file target.txt (compact mmCIF, C-alpha atoms)
# COMPACT_ATOMS: atom_id res chain seq x y z
CA MET A 935 18.47 0.07 -2.05
CA GLY A 936 20.16 0.11 1.34
CA PHE A 937 17.74 2.73 2.71
CA ILE A 938 14.68 0.50 2.12
CA ILE A 939 13.64 -1.86 4.92
CA ARG A 940 10.84 -4.40 4.46
CA ILE A 941 8.87 -5.34 7.56
CA LYS A 942 6.70 -8.46 7.41
CA SER A 943 3.65 -7.75 9.55
CA GLY A 944 1.64 -10.95 9.29
CA ILE A 945 0.50 -11.24 5.67
CA THR A 946 1.23 -7.58 4.95
CA ASN A 947 4.53 -5.99 3.95
CA LEU A 948 5.31 -2.63 5.49
CA TYR A 949 8.27 -0.57 4.33
CA LEU A 950 10.57 1.93 5.99
CA ILE A 951 12.41 4.41 3.77
CA LYS A 952 15.17 6.62 5.20
CA GLY A 953 14.79 10.34 4.70
CA GLU A 954 17.09 13.18 5.68
CA ASP A 955 15.74 13.47 9.22
CA GLY A 956 14.01 10.19 9.97
CA TYR A 957 11.91 7.55 8.30
CA LEU A 958 8.85 7.28 6.10
CA LEU A 959 6.69 4.28 7.05
CA ILE A 960 4.53 2.85 4.29
CA ASP A 961 1.32 1.57 5.93
CA ALA A 962 0.88 0.67 9.59
CA GLY A 963 -0.31 -2.91 9.18
CA TYR A 964 -2.72 -4.71 11.49
CA LYS A 965 -0.34 -6.11 14.12
CA PHE A 966 1.14 -3.33 16.25
CA LYS A 967 3.26 -5.68 18.37
CA ILE A 968 5.04 -7.03 15.28
CA LEU A 969 5.97 -3.53 14.12
CA GLU A 970 7.09 -2.63 17.63
CA LYS A 971 9.33 -5.72 17.77
CA TRP A 972 10.86 -4.94 14.36
CA LEU A 973 11.69 -1.38 15.37
CA LYS A 974 13.39 -2.57 18.54
CA THR A 975 15.42 -5.08 16.53
CA LEU A 976 16.40 -2.39 14.04
CA ASN A 977 17.18 0.06 16.85
CA ILE A 978 14.80 2.61 15.35
CA GLY A 979 12.90 4.81 17.79
CA TRP A 980 9.27 5.74 17.33
CA ASP A 981 10.29 9.39 17.22
CA GLU A 982 12.33 8.65 14.09
CA ILE A 983 9.19 7.90 12.09
CA LYS A 984 8.24 11.27 10.65
CA PHE A 985 5.71 10.32 7.95
CA ILE A 986 3.26 7.44 7.46
CA LEU A 987 2.06 6.94 3.90
CA ILE A 988 -1.24 5.06 3.75
CA THR A 989 -1.58 3.28 0.41
CA HIS A 990 -5.30 2.70 1.15
CA HIS A 991 -7.65 2.28 4.08
CA HIS A 992 -8.16 -1.51 4.33
CA LEU A 993 -7.96 -3.40 7.62
CA ASP A 994 -4.58 -5.05 7.05
CA HIS A 995 -3.00 -1.67 6.31
CA VAL A 996 -4.47 0.59 8.99
CA LEU A 997 -5.77 -1.45 11.95
CA ALA A 998 -2.58 -0.66 13.93
CA LEU A 999 -2.50 2.96 12.80
CA ASN A 1000 -4.02 4.52 15.93
CA SER A 1001 -1.54 2.66 18.14
CA VAL A 1002 1.35 3.74 15.90
CA ARG A 1003 0.22 7.36 16.07
CA GLU A 1004 0.11 7.19 19.86
CA HIS A 1005 3.85 6.46 19.80
CA THR A 1006 4.87 8.93 17.11
CA ASN A 1007 4.21 12.49 16.02
CA ALA A 1008 4.18 11.36 12.40
CA THR A 1009 2.33 13.13 9.62
CA LEU A 1010 -0.13 10.95 7.71
CA VAL A 1011 -0.07 11.04 3.91
CA PHE A 1012 -3.10 9.64 2.09
CA HIS A 1013 -5.44 10.35 -0.84
CA ARG A 1014 -8.54 12.46 -0.28
CA LYS A 1015 -10.73 9.62 -1.59
CA GLU A 1016 -9.68 7.56 1.44
CA LEU A 1017 -10.53 10.33 3.93
CA SER A 1018 -14.09 9.23 4.68
CA ALA A 1019 -13.12 5.57 5.09
CA LEU A 1020 -10.26 6.48 7.43
CA LYS A 1021 -12.43 8.76 9.55
CA THR A 1022 -15.36 6.34 9.83
CA GLY A 1023 -13.53 3.01 9.72
CA SER A 1024 -15.54 1.68 6.78
CA SER A 1025 -16.23 2.30 3.11
CA PRO A 1026 -19.56 2.01 1.27
CA ARG A 1027 -17.79 0.99 -1.93
CA LYS A 1028 -18.12 -2.64 -2.97
CA LEU A 1029 -15.11 -4.88 -3.54
CA ILE A 1030 -15.27 -7.27 -6.50
CA PRO A 1031 -13.59 -10.69 -6.05
CA LEU A 1032 -11.21 -11.58 -8.88
CA ASN A 1033 -12.64 -15.04 -9.53
CA PHE A 1034 -14.67 -17.91 -8.06
CA ARG A 1035 -11.70 -19.21 -6.08
CA VAL A 1036 -11.35 -15.84 -4.38
CA CYS A 1037 -15.09 -15.89 -3.61
CA LEU A 1038 -14.61 -19.18 -1.76
CA LEU A 1039 -11.65 -17.73 0.15
CA MET A 1040 -13.76 -14.73 1.16
CA LEU A 1041 -16.49 -17.03 2.48
CA LEU A 1042 -13.93 -18.81 4.66
CA SER A 1043 -12.31 -15.61 5.84
CA SER A 1044 -13.29 -13.12 8.49
CA PHE A 1045 -13.77 -9.57 7.22
CA SER A 1046 -14.45 -6.72 9.61
CA LYS A 1047 -14.45 -2.96 9.75
CA THR A 1048 -11.33 -1.19 10.88
CA LYS A 1049 -11.13 1.53 13.52
CA PRO A 1050 -11.78 5.22 12.81
CA VAL A 1051 -8.58 7.25 12.54
CA ASN A 1052 -8.20 10.76 13.91
CA ILE A 1053 -6.97 13.11 11.19
CA ASP A 1054 -4.82 16.06 12.31
CA GLU A 1055 -4.43 19.44 10.66
CA LYS A 1056 -0.79 18.65 9.90
CA ASP A 1057 -1.69 15.51 7.93
CA PHE A 1058 -1.15 15.77 4.18
CA ILE A 1059 -4.10 14.89 1.95
CA VAL A 1060 -3.08 13.98 -1.60
CA ASN A 1061 -5.29 15.41 -4.35
CA LYS A 1062 -3.02 14.70 -7.32
CA ASP A 1063 0.39 13.23 -8.11
CA THR A 1064 3.00 15.01 -6.02
CA ASP A 1065 6.69 14.96 -5.10
CA VAL A 1066 6.06 16.61 -1.72
CA LEU A 1067 8.22 14.01 0.06
CA ARG A 1068 11.34 15.33 -1.69
CA ASP A 1069 11.43 18.07 0.96
CA PHE A 1070 11.91 15.26 3.48
CA GLY A 1071 14.71 13.70 1.45
CA ILE A 1072 12.68 10.95 -0.22
CA PRO A 1073 13.76 10.95 -3.91
CA GLY A 1074 10.49 10.10 -5.57
CA LYS A 1075 6.85 10.98 -6.14
CA ILE A 1076 3.44 9.88 -4.96
CA LEU A 1077 1.19 8.60 -7.74
CA HIS A 1078 -2.57 8.17 -7.59
CA THR A 1079 -3.04 4.52 -8.63
CA PRO A 1080 -6.74 3.69 -8.19
CA GLY A 1081 -8.43 0.39 -8.84
CA HIS A 1082 -8.06 -1.64 -5.68
CA THR A 1083 -9.71 1.36 -4.02
CA GLN A 1084 -10.53 4.75 -5.49
CA GLY A 1085 -7.92 6.44 -3.36
CA SER A 1086 -5.05 3.96 -3.62
CA ILE A 1087 -1.65 5.63 -3.96
CA SER A 1088 1.86 4.39 -4.75
CA LEU A 1089 5.32 5.78 -4.07
CA LEU A 1090 7.70 5.65 -7.03
CA LEU A 1091 11.33 6.41 -6.22
CA ASP A 1092 13.71 7.88 -8.76
CA ASP A 1093 15.58 4.55 -8.98
CA GLY A 1094 12.40 2.83 -10.20
CA SER A 1095 11.39 1.22 -6.89
CA ALA A 1096 7.59 1.29 -6.72
CA PHE A 1097 5.66 0.71 -3.49
CA VAL A 1098 2.20 -0.08 -4.76
CA GLY A 1099 0.05 -1.21 -1.85
CA ASP A 1100 -2.52 -3.69 -3.18
CA VAL A 1101 -2.86 -2.43 -6.75
CA ALA A 1102 -0.60 -5.36 -7.63
CA MET A 1103 0.12 -8.56 -5.69
CA ASN A 1104 2.63 -11.39 -5.83
CA TYR A 1105 0.68 -13.67 -3.55
CA PHE A 1106 -1.76 -16.62 -3.47
CA ARG A 1107 -0.59 -17.93 -6.84
CA LEU A 1108 -2.97 -20.90 -6.63
CA LEU A 1109 -5.81 -18.40 -6.94
CA GLY A 1110 -4.61 -17.35 -10.41
CA LEU A 1111 -3.94 -13.73 -9.51
CA LYS A 1112 -1.16 -13.13 -12.06
CA LYS A 1113 -0.18 -9.92 -10.23
CA ARG A 1114 -3.81 -8.78 -9.89
CA PRO A 1115 -5.29 -7.95 -6.46
CA LEU A 1116 -7.58 -10.51 -4.82
CA VAL A 1117 -10.38 -7.96 -4.79
CA ALA A 1118 -10.79 -4.53 -6.32
CA GLU A 1119 -13.33 -1.80 -6.71
CA ASN A 1120 -12.52 -1.54 -10.41
CA TYR A 1121 -10.19 -3.93 -12.26
CA GLU A 1122 -10.09 -1.75 -15.38
CA ALA A 1123 -8.69 1.03 -13.21
CA VAL A 1124 -6.14 -1.44 -11.80
CA PHE A 1125 -4.76 -2.11 -15.27
CA LYS A 1126 -4.64 1.61 -16.06
CA SER A 1127 -2.67 2.14 -12.84
CA TRP A 1128 -0.23 -0.56 -13.97
CA GLU A 1129 0.21 1.35 -17.24
CA LYS A 1130 0.79 4.55 -15.30
CA LEU A 1131 3.45 2.97 -13.07
CA LEU A 1132 5.28 1.47 -16.04
CA SER A 1133 5.11 4.70 -18.05
CA ALA A 1134 6.42 6.64 -15.05
CA GLY A 1135 9.53 4.46 -14.89
CA ALA A 1136 8.77 1.69 -12.39
CA LYS A 1137 11.49 -0.98 -12.50
CA ARG A 1138 10.88 -3.06 -9.39
CA ILE A 1139 7.52 -3.55 -7.70
CA PHE A 1140 7.27 -3.74 -3.91
CA PRO A 1141 3.75 -5.03 -3.15
CA SER A 1142 2.04 -5.16 0.21
CA HIS A 1143 1.45 -8.88 -0.28
CA GLY A 1144 4.16 -11.19 -1.57
CA GLU A 1145 7.75 -10.83 -2.68
CA PRO A 1146 9.06 -7.86 -4.68
CA PHE A 1147 9.22 -8.51 -8.41
CA SER A 1148 10.47 -6.98 -11.65
CA ALA A 1149 8.29 -4.45 -13.45
CA SER A 1150 8.81 -6.56 -16.58
CA GLU A 1151 6.59 -9.20 -14.96
CA LEU A 1152 3.90 -6.59 -14.47
CA GLU A 1153 4.25 -5.57 -18.11
CA ILE A 1154 3.82 -9.20 -19.24
CA ALA A 1155 0.68 -9.54 -17.12
CA LEU A 1156 -0.69 -6.28 -18.50
CA GLN A 1157 -0.12 -7.46 -22.06
CA LEU A 1158 -1.90 -10.74 -21.26
CA PHE A 1159 -5.02 -9.06 -19.96
CA SER A 1160 -4.99 -6.47 -22.74
CA LYS A 1161 -5.05 -9.30 -25.29
CA LYS A 1162 -7.99 -10.94 -23.52
CA GLU A 1163 -9.92 -7.69 -23.63
CA ALA A 1164 -9.12 -7.29 -27.33
call {"tool": "encode", "arguments": {"input": "target.txt", "output": "structure tokens"}}
result
Amino acid sequence: MGFIIRIKSGITNLYLIKGEDGYLLIDAGYKFKILEKWLKTLNIGWDEIKFILITHHHLDHVLALNSVREHTNATLVFHRKELSALKTGSSPRKLIPLNFRVCLLMLLSSFSKTKPVNIDEKDFIVNKDTDVLRDFGIPGKILHTPGHTQGSISLLLDDGSAFVGDVAMNYFRLLGLKKRPLVAENYEAVFKSWEKLLSAGAKRIFPSHGEPFSASELEIALQLFSKKEA
């Protein structure tokens, strides 16, 4: 676990994972200055970031991405179903609030489009589950875990550490999330992605929002919602 660094960028967790010749950054966040300050504190140069894995295209994960790319020569890794949203800065797909309390929060919050991202030829577009990052010294695989968005992806390391973006949250407990995302394009797909992560060997969940938690908690939540559906 020593090669995993969590960076708190406002409300969003970013993660740095050490590879053989640099770092993988999971998401770019929405506050470039915070990431810049963290890297200075950690004594990590921009040129040491070799890959940026984008779990999905939402504002709080990619708003700072263009600025980050200006400082690095990093390769982007993202799912093909996020390509259009990244290139245009918006998605036509509708997000469904989890419950009435989340609806109220959304009314009080400011939601805006993000900025279009330039995609390079060297960027890696994920079409299916892959362990392509092993060549970089990251012992794990990228899993397609849709639900929050169609193109959401997670990184599952061999030790069971799972970096899941927003397909699961440990945040805003007063809203009754119970590990579910605040909003999603398809909640049924969210639960299927939970099943996939657990079946693949996830042991500890590292969400983009909230504290890391045991996969057993995710399993309990999955059982709860499966019973409700039954």
call {"tool": "residues_around", "arguments": {"input": "target.txt", "residues": "Val1011 of chain A", "least_positions_apart": "5", "cutoff": "12 Å", "atoms": "all atoms listed in the file", "output": "PyMOL selection string"}}
result
chain A and resi 958-962+984-991+1016-1017+1020+1053-1061+1064-1067+1076-1077+1085-1089
call {"tool": "closest_atom_pairs", "arguments": {"input": "target.txt", "of": "segment 1077-1143 of chain A", "to": "segment 1151-1158 of chain A", "cutoff": "8 Å", "atoms": "only C-alpha atoms", "output": "JSON lines"}}
result
{"residue": "A:Lys1112", "atom": "CA", "partner": "A:Ala1155", "partner_atom": "CA", "distance": 6.5}
{"residue": "A:Lys1113", "atom": "CA", "partner": "A:Leu1152", "partner_atom": "CA", "distance": 6.8}
{"residue": "A:Phe1125", "atom": "CA", "partner": "A:Leu1156", "partner_atom": "CA", "distance": 6.7}
{"residue": "A:Trp1128", "atom": "CA", "partner": "A:Leu1156", "partner_atom": "CA", "distance": 7.3}
{"residue": "A:Glu1129", "atom": "CA", "partner": "A:Leu1156", "partner_atom": "CA", "distance": 7.8}
{"residue": "A:Leu1132", "atom": "CA", "partner": "A:Glu1153", "partner_atom": "CA", "distance": 7.4}
call {"tool": "residues_around", "arguments": {"input": "target.txt", "residues": "Ile1030 of chain A", "least_positions_apart": "6", "cutoff": "6 Å", "atoms": "all atoms listed in the file", "output": "list in words"}}
result
Val1117, Ala1118 and Glu1119 of chain A
call {"tool": "closest_residue", "arguments": {"input": "target.txt", "among": "A:His1013, A:Arg1107, A:His1082, A:Lys942", "to": "Glu970 of chain A", "atoms": "only C-alpha atoms"}}
result
A:Lys942
call {"tool": "atom_distance", "arguments": {"input": "target.txt", "atom1": "atom CA of Asn947 of chain A", "atom2": "atom CA of Ala1096 of chain A"}}
result
13.3 Å
call {"tool": "residues_near_point", "arguments": {"input": "target.txt", "point": "(1.6, -9.1, -0.6)", "cutoff": "12 Å", "atoms": "all atoms listed in the file", "output": "VMD selection string"}}
result
chain A and resid 940 to 949 963 994 to 995 1097 to 1107 1111 1113 to 1116 1139 to 1147
call {"tool": "write_last_selection", "arguments": {"input": "target.txt", "atoms": "C-alpha atoms", "output": "PDB file, keeping the file's coordinate frame"}}
result
ATOM      1  CA  ARG A 940      10.840  -4.400   4.460  1.00  0.00           C
ATOM      2  CA  ILE A 941       8.870  -5.340   7.560  1.00  0.00           C
ATOM      3  CA  LYS A 942       6.700  -8.460   7.410  1.00  0.00           C
ATOM      4  CA  SER A 943       3.650  -7.750   9.550  1.00  0.00           C
ATOM      5  CA  GLY A 944       1.640 -10.950   9.290  1.00  0.00           C
ATOM      6  CA  ILE A 945       0.500 -11.240   5.670  1.00  0.00           C
ATOM      7  CA  THR A 946       1.230  -7.580   4.950  1.00  0.00           C
ATOM      8  CA  ASN A 947       4.530  -5.990   3.950  1.00  0.00           C
ATOM      9  CA  LEU A 948       5.310  -2.630   5.490  1.00  0.00           C
ATOM     10  CA  TYR A 949       8.270  -0.570   4.330  1.00  0.00           C
ATOM     11  CA  GLY A 963      -0.310  -2.910   9.180  1.00  0.00           C
ATOM     12  CA  ASP A 994      -4.580  -5.050   7.050  1.00  0.00           C
ATOM     13  CA  HIS A 995      -3.000  -1.670   6.310  1.00  0.00           C
ATOM     14  CA  PHE A1097       5.660   0.710  -3.490  1.00  0.00           C
ATOM     15  CA  VAL A1098       2.200  -0.080  -4.760  1.00  0.00           C
ATOM     16  CA  GLY A1099       0.050  -1.210  -1.850  1.00  0.00           C
ATOM     17  CA  ASP A1100      -2.520  -3.690  -3.180  1.00  0.00           C
ATOM     18  CA  VAL A1101      -2.860  -2.430  -6.750  1.00  0.00           C
ATOM     19  CA  ALA A1102      -0.600  -5.360  -7.630  1.00  0.00           C
ATOM     20  CA  MET A1103       0.120  -8.560  -5.690  1.00  0.00           C
ATOM     21  CA  ASN A1104       2.630 -11.390  -5.830  1.00  0.00           C
ATOM     22  CA  TYR A1105       0.680 -13.670  -3.550  1.00  0.00           C
ATOM     23  CA  PHE A1106      -1.760 -16.620  -3.470  1.00  0.00           C
ATOM     24  CA  ARG A1107      -0.590 -17.930  -6.840  1.00  0.00           C
ATOM     25  CA  LEU A1111      -3.940 -13.730  -9.510  1.00  0.00           C
ATOM     26  CA  LYS A1113      -0.180  -9.920 -10.230  1.00  0.00           C
ATOM     27  CA  ARG A1114      -3.810  -8.780  -9.890  1.00  0.00           C
ATOM     28  CA  PRO A1115      -5.290  -7.950  -6.460  1.00  0.00           C
ATOM     29  CA  LEU A1116      -7.580 -10.510  -4.820  1.00  0.00           C
ATOM     30  CA  ILE A1139       7.520  -3.550  -7.700  1.00  0.00           C
ATOM     31  CA  PHE A1140       7.270  -3.740  -3.910  1.00  0.00           C
ATOM     32  CA  PRO A1141       3.750  -5.030  -3.150  1.00  0.00           C
ATOM     33  CA  SER A1142       2.040  -5.160   0.210  1.00  0.00           C
ATOM     34  CA  HIS A1143       1.450  -8.880  -0.280  1.00  0.00           C
ATOM     35  CA  GLY A1144       4.160 -11.190  -1.570  1.00  0.00           C
ATOM     36  CA  GLU A1145       7.750 -10.830  -2.680  1.00  0.00           C
ATOM     37  CA  PRO A1146       9.060  -7.860  -4.680  1.00  0.00           C
ATOM     38  CA  PHE A1147       9.220  -8.510  -8.410  1.00  0.00           C
TER      39      PHE A1147
END
call {"tool": "atom_distance", "arguments": {"input": "target.txt", "atom1": "atom CA of Ile1072 of chain A", "atom2": "atom CA of Leu973 of chain A"}}
result
19.9 Å
